[in-house]
file upload-v3.pdb (PDB, C-alpha atoms and all ligand atoms)
MODEL        1
ATOM      1  CA  MET W   1     223.007 194.345-127.262
ATOM      2  CA  THR W   2     223.529 197.591-125.393
ATOM      3  CA  HIS W   3     222.147 198.132-121.898
ATOM      4  CA  ARG W   4     222.135 201.434-120.110
ATOM      5  CA  ILE W   5     221.029 202.848-116.790
ATOM      6  CA  THR W   6     220.567 206.610-116.749
ATOM      7  CA  ILE W   7     220.314 208.511-113.467
ATOM      8  CA  CYS W   8     219.116 212.069-113.023
ATOM      9  CA  THR W   9     221.855 214.252-111.542
ATOM     10  CA  SER W  10     219.572 217.271-111.065
ATOM     11  CA  CYS W  11     216.894 215.749-108.815
ATOM     12  CA  ARG W  12     216.849 217.247-105.327
ATOM     13  CA  HIS W  13     215.401 215.733-102.207
ATOM     14  CA  LYS W  14     212.241 217.670-101.466
ATOM     15  CA  GLY W  15     212.975 220.827 -99.481
ATOM     16  CA  THR W  16     216.752 220.439 -99.620
ATOM     17  CA  ASP W  17     219.647 221.257-101.935
ATOM     18  CA  CYS W  18     220.866 217.655-101.786
ATOM     19  CA  ARG W  19     221.237 216.118-105.248
ATOM     20  CA  PRO W  20     221.669 212.378-104.674
ATOM     21  CA  GLY W  21     222.170 211.426-108.336
ATOM     22  CA  TYR W  22     225.974 211.329-108.264
ATOM     23  CA  GLU W  23     225.949 209.211-105.116
ATOM     24  CA  LEU W  24     223.468 206.874-106.805
ATOM     25  CA  ILE W  25     225.722 206.559-109.857
ATOM     26  CA  ASP W  26     228.773 205.732-107.707
ATOM     27  CA  LYS W  27     226.967 203.218-105.524
ATOM     28  CA  LEU W  28     225.239 201.513-108.440
ATOM     29  CA  ARG W  29     228.465 201.207-110.470
ATOM     30  CA  THR W  30     230.189 199.657-107.453
ATOM     31  CA  ALA W  31     227.292 197.285-106.741
ATOM     32  CA  ILE W  32     226.954 196.126-110.367
ATOM     33  CA  ALA W  33     230.704 195.547-110.594
ATOM     34  CA  ALA W  34     230.545 193.553-107.332
ATOM     35  CA  ALA W  35     227.659 191.472-108.703
ATOM     36  CA  GLY W  36     230.006 190.219-111.453
ATOM     37  CA  ALA W  37     228.648 187.561-113.767
ATOM     38  CA  SER W  38     225.361 187.339-111.857
ATOM     39  CA  VAL W  39     224.346 190.367-113.952
ATOM     40  CA  PRO W  40     224.871 188.754-117.356
ATOM     41  CA  GLU W  41     225.134 191.914-119.482
ATOM     42  CA  ASP W  42     227.279 195.036-119.230
ATOM     43  CA  PHE W  43     225.369 198.119-118.174
ATOM     44  CA  GLU W  44     226.647 201.557-119.010
ATOM     45  CA  ILE W  45     225.673 203.805-116.089
ATOM     46  CA  SER W  46     225.591 207.529-116.681
ATOM     47  CA  GLY W  47     223.931 210.751-115.560
ATOM     48  CA  VAL W  48     221.617 213.177-117.294
ATOM     49  CA  ALA W  49     220.361 216.604-116.200
ATOM     50  CA  CYS W  50     216.611 215.823-116.063
ATOM     51  CA  MET W  51     214.140 213.141-117.194
ATOM     52  CA  ALA W  52     210.946 215.099-116.425
ATOM     53  CA  GLY W  53     210.124 213.124-113.310
ATOM     54  CA  CYS W  54     211.155 215.978-111.035
ATOM     55  CA  ASP W  55     208.296 215.455-108.531
ATOM     56  CA  ARG W  56     209.578 211.937-107.763
ATOM     57  CA  PRO W  57     213.331 212.313-107.081
ATOM     58  CA  CYS W  58     215.582 210.565-107.860
ATOM     59  CA  THR W  59     214.657 209.231-111.261
ATOM     60  CA  VAL W  60     216.419 206.251-112.853
ATOM     61  CA  ALA W  61     215.875 204.852-116.376
ATOM     62  CA  TYR W  62     216.717 201.434-117.839
ATOM     63  CA  HIS W  63     217.060 201.066-121.573
ATOM     64  CA  GLY W  64     218.407 198.498-123.963
ATOM     65  CA  THR W  65     218.483 197.867-127.691
ATOM     66  CA  LYS W  66     215.053 196.589-128.777
ATOM     67  CA  LYS W  67     213.868 196.585-125.157
ATOM     68  CA  ALA W  68     211.164 198.435-123.273
ATOM     69  CA  THR W  69     212.380 201.524-121.422
ATOM     70  CA  TYR W  70     211.518 202.059-117.751
ATOM     71  CA  LEU W  71     211.552 205.230-115.721
ATOM     72  CA  PHE W  72     211.555 204.799-111.946
ATOM     73  CA  GLY W  73     211.117 207.522-109.338
ATOM     74  CA  ASP W  74     211.596 207.951-105.560
ATOM     75  CA  ILE W  75     214.933 206.119-105.696
ATOM     76  CA  GLU W  76     217.283 206.572-102.738
ATOM     77  CA  PRO W  77     221.007 205.765-102.723
ATOM     78  CA  GLU W  78     220.834 204.584 -99.097
ATOM     79  CA  THR W  79     218.053 202.028 -99.493
ATOM     80  CA  ASP W  80     217.436 201.042-103.116
ATOM     81  CA  ILE W  81     220.721 199.856-104.653
ATOM     82  CA  ALA W  82     219.910 196.159-104.119
ATOM     83  CA  ASP W  83     216.596 196.537-105.977
ATOM     84  CA  LEU W  84     218.329 198.367-108.851
ATOM     85  CA  VAL W  85     220.922 195.590-109.180
ATOM     86  CA  ALA W  86     218.199 192.919-109.020
ATOM     87  CA  PHE W  87     216.301 194.670-111.800
ATOM     88  CA  ALA W  88     219.464 194.944-113.930
ATOM     89  CA  ARG W  89     219.832 191.163-113.627
ATOM     90  CA  GLN W  90     216.173 190.624-114.533
ATOM     91  CA  TYR W  91     216.235 193.172-117.370
ATOM     92  CA  ALA W  92     219.304 191.535-118.918
ATOM     93  CA  TYR W  93     217.346 188.272-119.316
ATOM     94  CA  LEU W  94     214.120 189.801-120.732
ATOM     95  CA  HIS W  95     214.392 189.645-124.523
ATOM     96  CA  ASP W  96     211.979 192.568-125.074
ATOM     97  CA  GLY W  97     212.468 194.122-121.644
ATOM     98  CA  TRP W  98     208.790 193.747-120.804
ATOM     99  CA  CYS W  99     207.671 192.649-117.344
ATOM    100  CA  ALA W 100     204.664 193.189-115.081
ATOM    101  CA  SER W 101     204.899 195.347-111.976
ATOM    102  CA  VAL W 102     204.446 192.338-109.670
ATOM    103  CA  ASP W 103     207.554 190.758-111.182
ATOM    104  CA  ARG W 104     209.810 193.749-110.479
ATOM    105  CA  PRO W 105     211.984 193.647-107.374
ATOM    106  CA  GLY W 106     211.007 195.365-104.121
ATOM    107  CA  LYS W 107     210.356 199.074-104.330
ATOM    108  CA  LEU W 108     210.431 199.072-108.154
ATOM    109  CA  ARG W 109     206.951 197.502-108.170
ATOM    110  CA  LYS W 110     205.435 200.772-107.033
ATOM    111  CA  ALA W 111     208.046 203.279-108.174
ATOM    112  CA  THR W 112     207.532 202.899-111.934
ATOM    113  CA  LEU W 113     206.689 206.226-113.584
ATOM    114  CA  ALA W 114     206.699 204.871-117.163
ATOM    115  CA  ARG W 115     207.215 201.693-119.169
ATOM    116  CA  VAL W 116     207.621 202.401-122.884
ATOM    117  CA  PRO W 117     207.818 199.559-125.430
ATOM    118  CA  ALA W 118     210.808 199.380-127.723
ATOM    119  CA  ALA W 119     210.072 201.246-130.958
ATOM    120  CA  ILE W 120     210.967 198.376-133.237
ATOM    121  CA  ILE W 121     208.858 195.864-131.298
ATOM    122  CA  ALA W 122     205.869 198.236-131.051
ATOM    123  CA  LEU W 123     206.048 198.728-134.814
ATOM    124  CA  GLU W 124     206.179 194.985-135.513
ATOM    125  CA  GLU W 125     203.191 194.375-133.195
ATOM    126  CA  SER W 126     201.068 197.113-134.750
ATOM    127  CA  GLU W 127     201.893 195.846-138.263
ATOM    128  CA  ALA W 128     200.943 192.305-137.200
ATOM    129  CA  ARG W 129     197.630 193.601-135.815
ATOM    130  CA  ALA W 130     196.954 195.554-139.027
ATOM    131  CA  SER W 131     197.529 192.517-141.246
TER     132      SER W 131
HETATM  133  S1  LIG Z   1     215.334 217.096-111.985
HETATM  134 FE1  LIG Z   1     215.432 214.901-111.936
HETATM  135  S2  LIG Z   1     213.843 214.330-113.308
HETATM  136 FE2  LIG Z   1     213.845 216.494-113.423
ENDMDL
END
call {"tool": "encode", "arguments": {"input": "upload-v3.pdb", "output": "structure tokens", "more": "lines below"}}
Ligand code: FES
result
Amino acid sequence: MTHRITICTSCRHKGTDCRPGYELIDKLRTAIAAAGASVPEDFEISGVACMAGCDRPCTVAYHGTKKATYLFGDIEPETDIADLVAFARQYAYLHDGWCASVDRPGKLRKATLARVPAAIIALEESEARAS
């Protein structure tokens, strides 16, 4: 199973030219490596130019094969790395990636911009409902 975290490298802090995405990528890679086996899956962490959440910088997405995709906003490299690592650990254990907002760590409870079900699972559920 493939797990990825994608971080926007174009987001700017409001009113500044600061683009914290690269700092977020560096800090998150370091923190996930330091977490070792406590995060039970490998996460590929990479940047992308924009994920259409520009009003809520920085945006961060979690995706995995056959798992729900999440898009989080308002993520700061100085304060939110621990929550991102905690969610990577949680996400690795969720077989379909689905979890309620109250179960997400810390700031990620209120910083979720989207939660999209995995295509294959959504298809199976709609076929089950139709039959
Ligand atoms: S610039 Fe970051 S989501 Fe658009």
call {"tool": "resolve_selection", "arguments": {"input": "upload-v3.pdb", "expression": "the PyMOL selection byres (((chain W and resi 49-64) around 10) and not hetatm)", "output": "ChimeraX atom specification"}}
result
/W:1-14,19-21,24-25,43-45,47-48,65-77,84,87-88,91-92,95-97,111-116,118
call {"tool": "closest_residue", "arguments": {"input": "upload-v3.pdb", "among": "W:Leu108, W:Leu94, W:Ala100, W:Ile121", "to": "Glu41 in chain W", "atoms": "all atoms listed in the file"}}
result
W:Leu94
call {"tool": "residues_near_point", "arguments": {"input": "upload-v3.pdb", "point": "(220.2, 193.3, -104.1)", "cutoff": "12 Å", "atoms": "all atoms listed in the file", "output": "list in words"}}
result
Leu28, Ala31, Ile32, Ala34, Ala35, Ser38, Val39, Thr79, Asp80, Ile81, Ala82, Asp83, Leu84, Val85, Ala86, Phe87, Ala88, Arg89, Gln90, Pro105, Gly106 and Lys107 of chain W
call {"tool": "closest_residue", "arguments": {"input": "upload-v3.pdb", "among": "W:Arg29, W:Val102, W:Arg109, W:Gly15", "to": "Asp42 in chain W", "atoms": "only C-alpha atoms"}}
result
W:Arg29
call {"tool": "atom_distance", "arguments": {"input": "upload-v3.pdb", "atom1": "CA of Glu78 in chain W", "atom2": "CA of Tyr93 in chain W"}}
result
26.2 Å
call {"tool": "axis_aligned_box", "arguments": {"input": "upload-v3.pdb", "around": "ligand LIG 1 (chain Z)", "padding_each_side": "8 Å", "output": "lines of an AutoDock Vina configuration file"}}
result
center_x = 214.6
center_y = 215.7
center_z = -112.7
size_x = 17.6
size_y = 18.8
size_z = 17.5
call {"tool": "atom_distance", "arguments": {"input": "upload-v3.pdb", "atom1": "atom S2 of ligand LIG 1 (chain Z)", "atom2": "CA of Trp98 in chain W"}}
result
22.5 Å
call {"tool": "build_atoms", "arguments": {"input": "upload-v3.pdb", "residues": "range 107-129 of chain W", "atoms": "N, CA and C atoms", "output": "PDB file, keeping the file's coordinate frame"}}
result
ATOM      1  N   LYS W 107     210.945 197.747-104.173  1.00  0.00           N
ATOM      2  CA  LYS W 107     210.356 199.074-104.330  1.00  0.00           C
ATOM      3  C   LYS W 107     209.986 199.386-105.780  1.00  0.00           C
ATOM      4  N   LEU W 108     210.659 198.734-106.744  1.00  0.00           N
ATOM      5  CA  LEU W 108     210.431 199.072-108.154  1.00  0.00           C
ATOM      6  C   LEU W 108     209.033 198.662-108.623  1.00  0.00           C
ATOM      7  N   ARG W 109     208.356 197.837-107.831  1.00  0.00           N
ATOM      8  CA  ARG W 109     206.951 197.502-108.170  1.00  0.00           C
ATOM      9  C   ARG W 109     206.078 198.742-108.176  1.00  0.00           C
ATOM     10  N   LYS W 110     206.325 199.622-107.197  1.00  0.00           N
ATOM     11  CA  LYS W 110     205.435 200.772-107.033  1.00  0.00           C
ATOM     12  C   LYS W 110     206.080 202.082-107.433  1.00  0.00           C
ATOM     13  N   ALA W 111     207.321 202.037-107.873  1.00  0.00           N
ATOM     14  CA  ALA W 111     208.046 203.279-108.174  1.00  0.00           C
ATOM     15  C   ALA W 111     208.189 203.501-109.680  1.00  0.00           C
ATOM     16  N   THR W 112     207.412 202.768-110.484  1.00  0.00           N
ATOM     17  CA  THR W 112     207.532 202.899-111.934  1.00  0.00           C
ATOM     18  C   THR W 112     206.716 204.096-112.419  1.00  0.00           C
ATOM     19  N   LEU W 113     207.375 205.054-113.035  1.00  0.00           N
ATOM     20  CA  LEU W 113     206.689 206.226-113.584  1.00  0.00           C
ATOM     21  C   LEU W 113     206.278 205.984-115.032  1.00  0.00           C
ATOM     22  N   ALA W 114     207.028 205.155-115.757  1.00  0.00           N
ATOM     23  CA  ALA W 114     206.699 204.871-117.163  1.00  0.00           C
ATOM     24  C   ALA W 114     207.348 203.568-117.593  1.00  0.00           C
ATOM     25  N   ARG W 115     206.656 202.871-118.488  1.00  0.00           N
ATOM     26  CA  ARG W 115     207.215 201.693-119.169  1.00  0.00           C
ATOM     27  C   ARG W 115     206.849 201.863-120.635  1.00  0.00           C
ATOM     28  N   VAL W 116     207.845 202.068-121.479  1.00  0.00           N
ATOM     29  CA  VAL W 116     207.621 202.401-122.884  1.00  0.00           C
ATOM     30  C   VAL W 116     208.152 201.259-123.742  1.00  0.00           C
ATOM     31  N   PRO W 117     207.317 200.672-124.615  1.00  0.00           N
ATOM     32  CA  PRO W 117     207.818 199.559-125.430  1.00  0.00           C
ATOM     33  C   PRO W 117     208.904 200.007-126.393  1.00  0.00           C
ATOM     34  N   ALA W 118     209.775 199.084-126.739  1.00  0.00           N
ATOM     35  CA  ALA W 118     210.808 199.380-127.723  1.00  0.00           C
ATOM     36  C   ALA W 118     210.159 199.760-129.043  1.00  0.00           C
ATOM     37  N   ALA W 119     210.690 200.750-129.728  1.00  0.00           N
ATOM     38  CA  ALA W 119     210.072 201.246-130.958  1.00  0.00           C
ATOM     39  C   ALA W 119     209.942 200.146-131.998  1.00  0.00           C
ATOM     40  N   ILE W 120     210.976 199.379-132.172  1.00  0.00           N
ATOM     41  CA  ILE W 120     210.967 198.376-133.237  1.00  0.00           C
ATOM     42  C   ILE W 120     209.942 197.290-132.941  1.00  0.00           C
ATOM     43  N   ILE W 121     209.804 196.910-131.663  1.00  0.00           N
ATOM     44  CA  ILE W 121     208.858 195.864-131.298  1.00  0.00           C
ATOM     45  C   ILE W 121     207.429 196.405-131.392  1.00  0.00           C
ATOM     46  N   ALA W 122     207.200 197.636-130.951  1.00  0.00           N
ATOM     47  CA  ALA W 122     205.869 198.236-131.051  1.00  0.00           C
ATOM     48  C   ALA W 122     205.432 198.300-132.503  1.00  0.00           C
ATOM     49  N   LEU W 123     206.360 198.639-133.392  1.00  0.00           N
ATOM     50  CA  LEU W 123     206.048 198.728-134.814  1.00  0.00           C
ATOM     51  C   LEU W 123     205.682 197.353-135.376  1.00  0.00           C
ATOM     52  N   GLU W 124     206.472 196.332-135.020  1.00  0.00           N
ATOM     53  CA  GLU W 124     206.179 194.985-135.513  1.00  0.00           C
ATOM     54  C   GLU W 124     204.806 194.519-135.020  1.00  0.00           C
ATOM     55  N   GLU W 125     204.475 194.809-133.741  1.00  0.00           N
ATOM     56  CA  GLU W 125     203.191 194.375-133.195  1.00  0.00           C
ATOM     57  C   GLU W 125     202.031 195.097-133.866  1.00  0.00           C
ATOM     58  N   SER W 126     202.181 196.406-134.135  1.00  0.00           N
ATOM     59  CA  SER W 126     201.068 197.113-134.750  1.00  0.00           C
ATOM     60  C   SER W 126     200.897 196.686-136.217  1.00  0.00           C
ATOM     61  N   GLU W 127     202.006 196.352-136.887  1.00  0.00           N
ATOM     62  CA  GLU W 127     201.893 195.846-138.263  1.00  0.00           C
ATOM     63  C   GLU W 127     201.229 194.463-138.274  1.00  0.00           C
ATOM     64  N   ALA W 128     201.546 193.638-137.282  1.00  0.00           N
ATOM     65  CA  ALA W 128     200.943 192.305-137.200  1.00  0.00           C
ATOM     66  C   ALA W 128     199.439 192.430-136.956  1.00  0.00           C
ATOM     67  N   ARG W 129     199.047 193.408-136.091  1.00  0.00           N
ATOM     68  CA  ARG W 129     197.630 193.601-135.815  1.00  0.00           C
ATOM     69  C   ARG W 129     196.893 194.117-137.045  1.00  0.00           C
TER      70      ARG W 129
END
